[in-house]
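**Student:** You'll find target.cif just under this line, and it carries mmCIF, C-alpha atoms.
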```
data_my_file
#
loop_
_atom_site.group_PDB
_atom_site.id
_atom_site.type_symbol
_atom_site.label_atom_id
_atom_site.label_comp_id
_atom_site.auth_asym_id
_atom_site.auth_seq_id
_atom_site.Cartn_x
_atom_site.Cartn_y
_atom_site.Cartn_z
ATOM 1 C CA MET S 4 -6.763 -72.710 -83.310
ATOM 2 C CA ARG S 5 -3.017 -72.207 -83.482
ATOM 3 C CA HIS S 6 -1.407 -70.404 -86.395
ATOM 4 C CA ARG S 7 1.911 -70.664 -88.197
ATOM 5 C CA ARG S 8 3.902 -68.399 -90.468
ATOM 6 C CA PHE S 9 3.377 -69.177 -94.153
ATOM 7 C CA GLY S 10 6.959 -68.883 -95.305
ATOM 8 C CA ARG S 11 8.226 -65.623 -96.731
ATOM 9 C CA THR S 12 4.711 -64.360 -97.424
ATOM 10 C CA GLY S 13 4.564 -63.472 -93.742
ATOM 11 C CA TRP S 14 0.942 -64.614 -93.501
ATOM 12 C CA ASN S 15 -0.215 -66.295 -90.314
ATOM 13 C CA VAL S 16 -2.404 -69.241 -91.265
ATOM 14 C CA SER S 17 -4.236 -71.861 -89.244
ATOM 15 C CA GLU S 18 -1.978 -74.876 -88.815
ATOM 16 C CA ILE S 19 -4.935 -77.042 -89.807
ATOM 17 C CA GLY S 20 -6.436 -75.765 -93.018
ATOM 18 C CA TYR S 21 -9.317 -76.963 -95.136
ATOM 19 C CA GLY S 22 -8.817 -79.311 -98.094
ATOM 20 C CA MET S 23 -11.745 -78.911 -100.484
ATOM 21 C CA TRP S 24 -11.299 -81.727 -102.995
ATOM 22 C CA GLY S 25 -14.157 -83.667 -101.432
ATOM 23 C CA MET S 26 -16.548 -80.771 -102.022
ATOM 24 C CA GLY S 27 -16.256 -80.953 -105.763
ATOM 25 C CA GLY S 28 -14.128 -83.848 -106.834
ATOM 26 C CA TRP S 29 -15.539 -86.826 -104.926
ATOM 27 C CA THR S 30 -18.937 -88.426 -105.136
ATOM 28 C CA GLY S 31 -21.546 -88.044 -102.432
ATOM 29 C CA SER S 32 -20.910 -84.423 -101.497
ATOM 30 C CA ASP S 33 -23.847 -82.219 -100.557
ATOM 31 C CA ASP S 34 -23.568 -78.472 -101.161
ATOM 32 C CA GLU S 35 -25.726 -77.439 -98.200
ATOM 33 C CA GLU S 36 -23.763 -79.621 -95.801
ATOM 34 C CA SER S 37 -20.518 -78.388 -97.340
ATOM 35 C CA ALA S 38 -21.617 -74.807 -96.678
ATOM 36 C CA ARG S 39 -22.355 -75.608 -93.037
ATOM 37 C CA ALA S 40 -18.962 -77.282 -92.701
ATOM 38 C CA LEU S 41 -17.162 -74.265 -94.168
ATOM 39 C CA ASP S 42 -19.026 -71.867 -91.889
ATOM 40 C CA ARG S 43 -18.197 -74.018 -88.879
ATOM 41 C CA ALA S 44 -14.524 -74.097 -89.822
ATOM 42 C CA ILE S 45 -14.395 -70.312 -90.083
ATOM 43 C CA ALA S 46 -16.145 -70.000 -86.722
ATOM 44 C CA LEU S 47 -13.510 -72.261 -85.141
ATOM 45 C CA GLY S 48 -10.618 -70.229 -86.516
ATOM 46 C CA CYS S 49 -9.648 -72.097 -89.678
ATOM 47 C CA SER S 50 -8.118 -69.503 -91.984
ATOM 48 C CA PHE S 51 -6.491 -71.441 -94.852
ATOM 49 C CA PHE S 52 -8.629 -72.951 -97.610
ATOM 50 C CA ASP S 53 -7.174 -75.066 -100.409
ATOM 51 C CA THR S 54 -9.293 -75.660 -103.488
ATOM 52 C CA ALA S 55 -8.740 -76.062 -107.250
ATOM 53 C CA TRP S 56 -10.560 -75.344 -110.480
ATOM 54 C CA VAL S 57 -10.647 -79.043 -111.326
ATOM 55 C CA TYR S 58 -12.539 -79.893 -108.122
ATOM 56 C CA GLY S 59 -15.891 -80.145 -109.815
ATOM 57 C CA ASP S 60 -14.936 -77.808 -112.682
ATOM 58 C CA GLY S 61 -15.118 -74.792 -110.402
ATOM 59 C CA ARG S 62 -17.809 -76.103 -108.056
ATOM 60 C CA SER S 63 -15.503 -76.234 -105.032
ATOM 61 C CA GLU S 64 -14.235 -72.718 -105.759
ATOM 62 C CA ARG S 65 -17.787 -71.402 -105.979
ATOM 63 C CA LEU S 66 -18.681 -72.993 -102.642
ATOM 64 C CA LEU S 67 -15.703 -71.272 -101.070
ATOM 65 C CA GLY S 68 -16.617 -67.990 -102.728
ATOM 66 C CA ASP S 69 -20.113 -68.231 -101.253
ATOM 67 C CA ALA S 70 -18.617 -68.834 -97.792
ATOM 68 C CA LEU S 71 -16.353 -65.807 -98.155
ATOM 69 C CA ARG S 72 -19.345 -63.639 -99.059
ATOM 70 C CA ARG S 73 -21.362 -64.946 -96.104
ATOM 71 C CA THR S 74 -18.490 -64.117 -93.805
ATOM 72 C CA ARG S 75 -18.073 -60.620 -95.246
ATOM 73 C CA ARG S 76 -21.784 -59.945 -94.790
ATOM 74 C CA GLY S 77 -21.550 -61.023 -91.192
ATOM 75 C CA ALA S 78 -24.035 -63.859 -91.660
ATOM 76 C CA GLY S 79 -21.329 -66.348 -90.771
ATOM 77 C CA ALA S 80 -19.072 -66.191 -87.764
ATOM 78 C CA ALA S 81 -16.460 -63.438 -87.825
ATOM 79 C CA SER S 82 -12.903 -64.602 -88.339
ATOM 80 C CA ALA S 83 -10.149 -63.280 -86.087
ATOM 81 C CA GLN S 84 -7.626 -63.996 -88.852
ATOM 82 C CA PRO S 85 -7.742 -63.009 -92.534
ATOM 83 C CA LEU S 86 -8.980 -65.904 -94.643
ATOM 84 C CA ILE S 87 -6.332 -67.145 -97.079
ATOM 85 C CA VAL S 88 -7.570 -68.623 -100.353
ATOM 86 C CA ALA S 89 -5.413 -71.092 -102.285
ATOM 87 C CA THR S 90 -6.424 -72.650 -105.579
ATOM 88 C CA LYS S 91 -4.750 -74.461 -108.479
ATOM 89 C CA ILE S 92 -4.412 -74.298 -112.256
ATOM 90 C CA PRO S 93 -5.096 -77.589 -114.069
ATOM 91 C CA PRO S 94 -2.639 -78.718 -116.764
ATOM 92 C CA LYS S 95 -3.767 -77.820 -120.263
ATOM 93 C CA ASN S 96 -3.217 -81.399 -121.474
ATOM 94 C CA TRP S 97 -5.425 -82.712 -118.616
ATOM 95 C CA LYS S 98 -2.901 -85.401 -117.719
ATOM 96 C CA TRP S 99 -2.212 -86.407 -114.123
ATOM 97 C CA PRO S 100 0.473 -86.836 -112.902
ATOM 98 C CA ALA S 101 2.971 -84.671 -114.743
ATOM 99 C CA LYS S 102 5.720 -86.516 -116.606
ATOM 100 C CA ASP S 103 9.066 -85.383 -117.986
ATOM 101 C CA GLU S 104 8.008 -86.155 -121.542
ATOM 102 C CA TYR S 105 5.107 -83.692 -121.437
ATOM 103 C CA PRO S 106 6.321 -80.346 -122.866
ATOM 104 C CA VAL S 107 5.558 -77.355 -120.685
ATOM 105 C CA THR S 108 4.020 -75.714 -123.758
ATOM 106 C CA GLU S 109 1.329 -78.411 -123.602
ATOM 107 C CA THR S 110 0.792 -78.220 -119.857
ATOM 108 C CA TYR S 111 1.289 -74.638 -118.705
ATOM 109 C CA PRO S 112 1.596 -72.156 -121.581
ATOM 110 C CA PRO S 113 1.281 -68.527 -120.403
ATOM 111 C CA ASP S 114 -2.182 -67.955 -121.886
ATOM 112 C CA HIS S 115 -3.512 -71.044 -120.086
ATOM 113 C CA ILE S 116 -2.071 -69.879 -116.761
ATOM 114 C CA ARG S 117 -3.827 -66.543 -117.145
ATOM 115 C CA GLU S 118 -7.086 -68.053 -118.431
ATOM 116 C CA TYR S 119 -7.547 -70.330 -115.428
ATOM 117 C CA THR S 120 -6.461 -67.681 -112.977
ATOM 118 C CA GLU S 121 -9.219 -65.456 -114.346
ATOM 119 C CA LYS S 122 -11.736 -68.321 -114.173
ATOM 120 C CA SER S 123 -10.841 -68.939 -110.543
ATOM 121 C CA LEU S 124 -11.106 -65.252 -109.706
ATOM 122 C CA THR S 125 -14.655 -65.310 -111.084
ATOM 123 C CA ASN S 126 -15.623 -68.507 -109.269
ATOM 124 C CA LEU S 127 -14.242 -67.240 -105.969
ATOM 125 C CA GLY S 128 -15.675 -63.750 -106.372
ATOM 126 C CA VAL S 129 -12.411 -62.077 -105.387
ATOM 127 C CA ASP S 130 -10.124 -59.517 -107.013
ATOM 128 C CA THR S 131 -6.935 -61.279 -105.940
ATOM 129 C CA ILE S 132 -6.089 -64.931 -105.289
ATOM 130 C CA ASP S 133 -3.856 -65.259 -102.251
ATOM 131 C CA LEU S 134 -2.067 -68.390 -103.470
ATOM 132 C CA GLN S 135 -2.236 -69.660 -107.042
ATOM 133 C CA GLN S 136 -0.666 -73.100 -107.489
ATOM 134 C CA PHE S 137 0.336 -75.327 -110.378
ATOM 135 C CA HIS S 138 -1.742 -78.459 -109.853
ATOM 136 C CA VAL S 139 0.886 -80.767 -111.367
ATOM 137 C CA TRP S 140 4.595 -80.307 -111.897
ATOM 138 C CA SER S 141 7.635 -81.797 -113.573
ATOM 139 C CA ASP S 142 10.904 -80.123 -112.689
ATOM 140 C CA GLY S 143 12.094 -80.323 -116.262
ATOM 141 C CA TRP S 144 9.900 -77.252 -116.787
ATOM 142 C CA ALA S 145 11.693 -75.162 -114.180
ATOM 143 C CA SER S 146 13.863 -73.140 -116.563
ATOM 144 C CA ASP S 147 11.045 -72.292 -118.997
ATOM 145 C CA ALA S 148 10.675 -68.549 -119.367
ATOM 146 C CA GLY S 149 6.983 -68.792 -120.266
ATOM 147 C CA TRP S 150 5.571 -69.839 -116.915
ATOM 148 C CA GLN S 151 8.089 -67.661 -115.092
ATOM 149 C CA ARG S 152 6.970 -64.568 -116.968
ATOM 150 C CA ALA S 153 3.298 -65.506 -116.556
ATOM 151 C CA VAL S 154 3.421 -65.768 -112.762
ATOM 152 C CA ASP S 155 5.537 -62.639 -112.493
ATOM 153 C CA ASP S 156 2.924 -60.758 -114.528
ATOM 154 C CA LEU S 157 0.072 -62.079 -112.362
ATOM 155 C CA LYS S 158 1.848 -60.912 -109.228
ATOM 156 C CA ARG S 159 2.697 -57.531 -110.730
ATOM 157 C CA GLU S 160 -0.936 -57.019 -111.769
ATOM 158 C CA LYS S 161 -2.032 -58.050 -108.259
ATOM 159 C CA LEU S 162 -4.187 -60.878 -109.579
ATOM 160 C CA VAL S 163 -2.280 -63.252 -107.289
ATOM 161 C CA ARG S 164 -0.267 -62.571 -104.154
ATOM 162 C CA ALA S 165 1.844 -65.724 -104.083
ATOM 163 C CA VAL S 166 2.638 -68.744 -106.261
ATOM 164 C CA GLY S 167 2.931 -72.394 -105.266
ATOM 165 C CA ILE S 168 3.462 -75.844 -106.728
ATOM 166 C CA SER S 169 1.640 -79.069 -105.860
ATOM 167 C CA VAL S 170 4.109 -81.885 -106.479
ATOM 168 C CA ASN S 171 3.423 -85.400 -107.708
ATOM 169 C CA ARG S 172 2.577 -88.022 -105.129
ATOM 170 C CA TRP S 173 5.704 -89.808 -103.869
ATOM 171 C CA GLN S 174 8.026 -87.478 -105.814
ATOM 172 C CA PRO S 175 8.851 -84.833 -103.191
ATOM 173 C CA THR S 176 12.106 -83.729 -104.831
ATOM 174 C CA ASN S 177 10.541 -83.208 -108.265
ATOM 175 C CA VAL S 178 10.280 -79.494 -107.557
ATOM 176 C CA MET S 179 13.720 -78.445 -106.326
ATOM 177 C CA ARG S 180 14.818 -76.623 -109.474
ATOM 178 C CA ALA S 181 11.583 -74.659 -109.575
ATOM 179 C CA LEU S 182 12.063 -73.636 -105.956
ATOM 180 C CA ALA S 183 15.588 -72.468 -106.807
ATOM 181 C CA THR S 184 14.174 -69.877 -109.234
ATOM 182 C CA GLY S 185 12.934 -67.829 -106.288
ATOM 183 C CA LEU S 186 9.520 -67.474 -107.925
ATOM 184 C CA VAL S 187 7.767 -70.144 -105.865
ATOM 185 C CA ASP S 188 6.470 -69.203 -102.419
ATOM 186 C CA SER S 189 5.026 -72.545 -101.316
ATOM 187 C CA VAL S 190 5.075 -76.241 -102.056
ATOM 188 C CA GLN S 191 2.235 -78.690 -101.465
ATOM 189 C CA VAL S 192 3.295 -82.271 -100.859
ATOM 190 C CA VAL S 193 1.890 -85.582 -99.630
ATOM 191 C CA TYR S 194 3.079 -86.006 -96.037
ATOM 192 C CA ASN S 195 1.637 -88.298 -93.381
ATOM 193 C CA VAL S 196 2.599 -91.137 -91.035
ATOM 194 C CA PHE S 197 3.294 -93.412 -93.998
ATOM 195 C CA ASP S 198 4.692 -90.867 -96.463
ATOM 196 C CA GLN S 199 7.654 -89.302 -94.657
ATOM 197 C CA ALA S 200 10.086 -88.927 -97.581
ATOM 198 C CA PRO S 201 9.656 -85.113 -97.788
ATOM 199 C CA GLU S 202 11.632 -84.899 -94.540
ATOM 200 C CA ASP S 203 14.811 -86.059 -96.301
ATOM 201 C CA GLU S 204 15.500 -83.198 -98.730
ATOM 202 C CA LEU S 205 12.431 -81.073 -99.394
ATOM 203 C CA PHE S 206 11.704 -79.863 -95.867
ATOM 204 C CA PRO S 207 15.291 -78.785 -95.066
ATOM 205 C CA TYR S 208 15.484 -76.951 -98.390
ATOM 206 C CA CYS S 209 12.210 -75.125 -97.741
ATOM 207 C CA GLU S 210 13.238 -74.157 -94.230
ATOM 208 C CA GLN S 211 16.532 -72.721 -95.458
ATOM 209 C CA ARG S 212 14.775 -70.610 -98.096
ATOM 210 C CA ASP S 213 11.661 -69.689 -96.116
ATOM 211 C CA ILE S 214 9.303 -71.522 -98.484
ATOM 212 C CA ALA S 215 5.937 -72.493 -97.010
ATOM 213 C CA VAL S 216 4.968 -76.177 -96.888
ATOM 214 C CA ILE S 217 1.390 -77.435 -97.214
ATOM 215 C CA ALA S 218 0.988 -81.066 -96.120
ATOM 216 C CA ARG S 219 -1.742 -82.736 -98.127
ATOM 217 C CA VAL S 220 -3.365 -86.195 -97.819
ATOM 218 C CA PRO S 221 -2.851 -86.336 -94.023
ATOM 219 C CA PHE S 222 -5.093 -89.409 -93.770
ATOM 220 C CA ASP S 223 -3.654 -91.299 -96.780
ATOM 221 C CA GLU S 224 -6.944 -90.983 -98.693
ATOM 222 C CA GLY S 225 -8.848 -92.333 -95.695
ATOM 223 C CA SER S 226 -6.744 -95.246 -94.487
ATOM 224 C CA LEU S 227 -5.455 -93.273 -91.485
ATOM 225 C CA THR S 228 -8.990 -92.541 -90.327
ATOM 226 C CA GLY S 229 -9.125 -96.197 -89.313
ATOM 227 C CA THR S 230 -12.518 -96.670 -90.952
ATOM 228 C CA LEU S 231 -11.566 -98.745 -94.006
ATOM 229 C CA SER S 232 -11.884 -102.512 -94.284
ATOM 230 C CA PRO S 233 -11.140 -105.143 -96.940
ATOM 231 C CA GLU S 234 -14.780 -104.778 -98.010
ATOM 232 C CA SER S 235 -14.635 -100.998 -98.501
ATOM 233 C CA THR S 236 -16.035 -99.823 -101.832
ATOM 234 C CA TRP S 237 -16.651 -96.441 -103.417
ATOM 235 C CA PRO S 238 -19.097 -95.159 -106.027
ATOM 236 C CA GLN S 239 -18.131 -95.184 -109.667
ATOM 237 C CA GLY S 240 -15.944 -92.215 -110.494
ATOM 238 C CA ASP S 241 -14.534 -91.878 -106.978
ATOM 239 C CA TRP S 242 -10.746 -91.406 -107.003
ATOM 240 C CA ARG S 243 -10.288 -93.934 -104.198
ATOM 241 C CA ASN S 244 -11.192 -96.745 -106.594
ATOM 242 C CA ILE S 245 -7.933 -95.950 -108.374
ATOM 243 C CA TYR S 246 -5.843 -95.341 -105.285
ATOM 244 C CA PHE S 247 -6.889 -98.508 -103.473
ATOM 245 C CA ASN S 248 -6.862 -100.749 -106.530
ATOM 246 C CA GLY S 249 -5.183 -104.140 -106.766
ATOM 247 C CA ASP S 250 -3.242 -105.031 -103.643
ATOM 248 C CA ASN S 251 -2.918 -101.478 -102.349
ATOM 249 C CA LEU S 252 -5.966 -101.668 -100.075
ATOM 250 C CA ARG S 253 -4.797 -104.936 -98.518
ATOM 251 C CA ALA S 254 -1.216 -103.720 -98.072
ATOM 252 C CA THR S 255 -2.413 -100.433 -96.606
ATOM 253 C CA LEU S 256 -4.774 -102.059 -94.113
ATOM 254 C CA GLU S 257 -1.983 -104.335 -92.918
ATOM 255 C CA ARG S 258 0.075 -101.259 -92.082
ATOM 256 C CA VAL S 259 -2.870 -99.505 -90.448
ATOM 257 C CA ASN S 260 -3.423 -102.518 -88.214
ATOM 258 C CA ARG S 261 0.220 -102.364 -87.135
ATOM 259 C CA LEU S 262 -0.360 -98.756 -86.109
ATOM 260 C CA ARG S 263 -3.406 -99.349 -83.943
ATOM 261 C CA PRO S 264 -1.603 -100.672 -80.838
ATOM 262 C CA ILE S 265 0.379 -97.451 -80.385
ATOM 263 C CA VAL S 266 -2.626 -95.094 -80.489
ATOM 264 C CA PRO S 267 -2.776 -93.630 -76.946
ATOM 265 C CA ASP S 268 -5.822 -93.931 -74.733
ATOM 266 C CA GLY S 269 -8.141 -90.987 -75.264
ATOM 267 C CA MET S 270 -6.943 -90.408 -78.827
ATOM 268 C CA ASP S 271 -8.120 -91.886 -82.112
ATOM 269 C CA LEU S 272 -6.103 -92.665 -85.227
ATOM 270 C CA PRO S 273 -7.022 -89.551 -87.265
ATOM 271 C CA GLU S 274 -6.117 -87.275 -84.365
ATOM 272 C CA LEU S 275 -2.788 -89.058 -84.013
ATOM 273 C CA ALA S 276 -2.195 -88.717 -87.759
ATOM 274 C CA LEU S 277 -2.733 -84.952 -87.612
ATOM 275 C CA ARG S 278 -0.594 -84.513 -84.518
ATOM 276 C CA PHE S 279 2.261 -86.386 -86.205
ATOM 277 C CA ILE S 280 2.224 -83.885 -89.084
ATOM 278 C CA LEU S 281 2.096 -80.879 -86.771
ATOM 279 C CA GLU S 282 5.231 -82.089 -84.991
ATOM 280 C CA HIS S 283 7.374 -81.052 -87.953
ATOM 281 C CA HIS S 284 8.402 -77.390 -87.823
ATOM 282 C CA ALA S 285 8.686 -77.127 -91.625
ATOM 283 C CA ILE S 286 4.918 -77.515 -91.961
ATOM 284 C CA SER S 287 2.959 -74.293 -92.387
ATOM 285 C CA THR S 288 -0.439 -75.983 -92.572
ATOM 286 C CA THR S 289 -2.043 -79.338 -93.320
ATOM 287 C CA VAL S 290 -5.253 -79.616 -95.318
ATOM 288 C CA PRO S 291 -7.486 -82.568 -94.398
ATOM 289 C CA GLY S 292 -10.600 -83.006 -96.470
ATOM 290 C CA MET S 293 -13.766 -82.198 -94.528
ATOM 291 C CA ARG S 294 -17.298 -82.381 -95.908
ATOM 292 C CA ARG S 295 -19.323 -82.362 -92.698
ATOM 293 C CA PRO S 296 -19.371 -80.101 -89.616
ATOM 294 C CA ARG S 297 -18.502 -83.012 -87.333
ATOM 295 C CA HIS S 298 -15.384 -83.705 -89.417
ATOM 296 C CA VAL S 299 -14.420 -80.052 -89.034
ATOM 297 C CA GLU S 300 -14.848 -80.091 -85.263
ATOM 298 C CA ARG S 301 -12.915 -83.327 -84.843
ATOM 299 C CA ASN S 302 -9.978 -82.324 -87.021
ATOM 300 C CA LEU S 303 -9.592 -78.742 -85.878
ATOM 301 C CA ALA S 304 -9.561 -79.887 -82.251
ATOM 302 C CA ALA S 305 -6.091 -81.330 -82.881
ATOM 303 C CA SER S 306 -4.731 -77.779 -83.037
ATOM 304 C CA ASP S 307 -4.326 -77.265 -79.306
ATOM 305 C CA GLY S 308 -0.549 -77.161 -78.942
ATOM 306 C CA THR S 309 -0.294 -80.594 -77.347
ATOM 307 C CA ARG S 310 2.977 -82.280 -78.336
ATOM 308 C CA LEU S 311 3.417 -85.988 -78.873
ATOM 309 C CA PRO S 312 5.706 -87.705 -76.363
ATOM 310 C CA PRO S 313 9.131 -88.298 -77.977
ATOM 311 C CA ARG S 314 8.825 -92.075 -77.681
ATOM 312 C CA LEU S 315 5.466 -92.039 -79.451
ATOM 313 C CA HIS S 316 6.796 -89.773 -82.193
ATOM 314 C CA ASP S 317 9.761 -92.096 -82.709
ATOM 315 C CA ALA S 318 7.408 -95.071 -82.873
ATOM 316 C CA LEU S 319 5.373 -93.346 -85.584
ATOM 317 C CA ARG S 320 8.479 -92.569 -87.595
ATOM 318 C CA ALA S 321 9.146 -96.304 -87.757
ATOM 319 C CA HIS S 322 5.962 -96.677 -89.836
ATOM 320 C CA ARG S 323 7.466 -94.848 -92.809
ATOM 321 C CA TRP S 324 6.475 -96.492 -96.090
ATOM 322 C CA ASP S 325 8.467 -95.542 -99.171
ATOM 323 C CA ARG S 326 6.324 -96.076 -102.243
ATOM 324 C CA SER S 327 7.391 -95.511 -105.829
ATOM 325 C CA THR S 328 4.244 -96.060 -107.914
ATOM 326 C CA VAL S 329 3.423 -92.794 -109.670
ATOM 327 C CA MET S 330 0.013 -91.401 -108.771
ATOM 328 C CA PRO S 331 -1.374 -87.836 -108.907
#
```
Go ahead and render the structure in this file as structure tokens.

**Tutor:**
Amino acid sequence: MRHRRFGRTGWNVSEIGYGMWGMGGWTGSDDEESARALDRAIALGCSFFDTAWVYGDGRSERLLGDALRRTRRGAGAASAQPLIVATKIPPKNWKWPAKDEYPVTETYPPDHIREYTEKSLTNLGVDTIDLQQFHVWSDGWASDAGWQRAVDDLKREKLVRAVGISVNRWQPTNVMRALATGLVDSVQVVYNVFDQAPEDELFPYCEQRDIAVIARVPFDEGSLTGTLSPESTWPQGDWRNIYFNGDNLRATLERVNRLRPIVPDGMDLPELALRFILEHHAISTTVPGMRRPRHVERNLAASDGTRLPPRLHDALRAHRWDRSTVMP
């Protein structure tokens, strides 16, 4: 496993981290299998874990906390790198995505920020959260003194070490004013073969100011695994029913099929998708969702330092898809 510097925090984190939404927020997850997958990831050198309180109302955080305790006891494999824990505070109004018309006093008042930080500390079984993130964001809130004071207090009290923002899907610049405050250490953004817009403004800004970048949704909610079909369905309550509604599944599969001919021999589509993300030097880590040990082994194997040939990288860049529909 290769590691990268996590912005101005100075942490070295695995360039492929662990996205834990599927362990609490999607249907069909199994806690015992999730535990085996987490242990396998730690054994293979994964050191960055991204969860959130809303992923199963703390369930995902508790699973991660259990894994941390197993590792500390020595029952799991020892990690050569410190394990970095990132979680997120849900908006008080429980509305995704954030919108300009939602007052920050209804989304992230100071007492709410502290309340959910304390809940996450309990779920994780830790004294300090490495990275506490706002789960939604509208940049109209950037100048509000309430959230600024709240995160400063949490850092001063050593309840959190760093603060990040997870930005709305397909709105990568809806965070720039918050980043300019100097209070935000990382930004989490959708970035994959299709969603390349963060390269335009966000990535250069983050590089100039030494702000870490977490690339989420590397497989476009599953389309870039190459396993979806027009007949794909999901259980009731699964987020993908919303994401792939209407014509989005059809339009997405058309684009996936145009990608298939350029996948090199000896490589599959998900590996290519991860390698595309790792090509960008602004990326600190990417966080694919992984619920099973075999998913862990397959995804983490992409962290071997192998670069994509320039012609292949250029060909992938041509598959950029600028979408404007607002989704969380």

**Student:** Residues at most 10 Å from Gly185 (chain S), counting only C-alpha atoms, excluding those fewer than 4 positions away in the same chain, as a VMD selection string?

**Tutor:** chain S and resid 180 to 181 212 214

**Student:** Suppose a student applies the PyMOL selection byres ((chain S and resi 209) around 12) to this structure; what residues should they get, written as a PyMOL selection string?

**Tutor:** chain S and resi 9-11+175-176+178-179+181-183+185+187-192+201-208+210-217+284-287

**Student:** With the PyMOL selection byres ((chain S and resi 193) around 10) as the selection, what would be picked from this file? Answer as a compact mmCIF listing (two decimals) with C-alpha atoms, in the coordinates of the input, please.

**Tutor:**
```
# COMPACT_ATOMS: atom_id res chain seq x y z
CA SER S 169 1.64 -79.07 -105.86
CA VAL S 170 4.11 -81.89 -106.48
CA ASN S 171 3.42 -85.40 -107.71
CA ARG S 172 2.58 -88.02 -105.13
CA TRP S 173 5.70 -89.81 -103.87
CA GLN S 174 8.03 -87.48 -105.81
CA PRO S 175 8.85 -84.83 -103.19
CA GLN S 191 2.24 -78.69 -101.46
CA VAL S 192 3.30 -82.27 -100.86
CA TYR S 194 3.08 -86.01 -96.04
CA ASN S 195 1.64 -88.30 -93.38
CA PHE S 197 3.29 -93.41 -94.00
CA ASP S 198 4.69 -90.87 -96.46
CA GLN S 199 7.65 -89.30 -94.66
CA ALA S 200 10.09 -88.93 -97.58
CA PRO S 201 9.66 -85.11 -97.79
CA ILE S 217 1.39 -77.44 -97.21
CA ALA S 218 0.99 -81.07 -96.12
CA ARG S 219 -1.74 -82.74 -98.13
CA VAL S 220 -3.36 -86.20 -97.82
CA PRO S 221 -2.85 -86.34 -94.02
CA PHE S 222 -5.09 -89.41 -93.77
CA ASP S 223 -3.65 -91.30 -96.78
CA THR S 289 -2.04 -79.34 -93.32
```

**Student:** Find the residues with any atom within 9 Å of (-8.0, -89.7, -91.6); use all atoms listed in the file and the coordinates as given in the file, and write the answer as a PDB file with C-alpha atoms, keeping the file's coordinate frame.

**Tutor:**
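Output file point-v1.pdb is given in full below:
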```
ATOM      1  CA  VAL S 220      -3.365 -86.195 -97.819  1.00  0.00           C
ATOM      2  CA  PRO S 221      -2.851 -86.336 -94.023  1.00  0.00           C
ATOM      3  CA  PHE S 222      -5.093 -89.409 -93.770  1.00  0.00           C
ATOM      4  CA  ASP S 223      -3.654 -91.299 -96.780  1.00  0.00           C
ATOM      5  CA  GLU S 224      -6.944 -90.983 -98.693  1.00  0.00           C
ATOM      6  CA  GLY S 225      -8.848 -92.333 -95.695  1.00  0.00           C
ATOM      7  CA  SER S 226      -6.744 -95.246 -94.487  1.00  0.00           C
ATOM      8  CA  LEU S 227      -5.455 -93.273 -91.485  1.00  0.00           C
ATOM      9  CA  THR S 228      -8.990 -92.541 -90.327  1.00  0.00           C
ATOM     10  CA  GLY S 229      -9.125 -96.197 -89.313  1.00  0.00           C
ATOM     11  CA  THR S 230     -12.518 -96.670 -90.952  1.00  0.00           C
ATOM     12  CA  LEU S 272      -6.103 -92.665 -85.227  1.00  0.00           C
ATOM     13  CA  PRO S 273      -7.022 -89.551 -87.265  1.00  0.00           C
ATOM     14  CA  GLU S 274      -6.117 -87.275 -84.365  1.00  0.00           C
ATOM     15  CA  ALA S 276      -2.195 -88.717 -87.759  1.00  0.00           C
ATOM     16  CA  LEU S 277      -2.733 -84.952 -87.612  1.00  0.00           C
ATOM     17  CA  PRO S 291      -7.486 -82.568 -94.398  1.00  0.00           C
ATOM     18  CA  GLY S 292     -10.600 -83.006 -96.470  1.00  0.00           C
ATOM     19  CA  ASN S 302      -9.978 -82.324 -87.021  1.00  0.00           C
TER      20      ASN S 302
END
```

**Student:** Just checking: using only C-alpha atoms, which residue out of S:Thr54, S:Thr131, S:Ser37, S:Asn248 ends up closest to Glu160 (chain S)?

**Tutor:**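 Ranking S:Thr54, S:Thr131, S:Ser37, S:Asn248 by distance to Glu160 (chain S), first place goes to S:Thr131.
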
**Student:** Return as JSON the box centre and box size in Å, one decimal, for an axis-aligned box around all listed atoms of region 215-226 of chain S padded by 3 Å per side.

**Tutor:**
```
{"center_x": -1.5, "center_y": -83.9, "center_z": -96.2, "size_x": 20.8, "size_y": 28.8, "size_z": 10.9}
```

**Student:** Which residue, S:Met26, S:Leu262, S:Ile19, S:Leu319, has the smallest gap to Glu64 (chain S) when you use only C-alpha atoms?

**Tutor:**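 The closest residue to Glu64 (chain S) is S:Met26.
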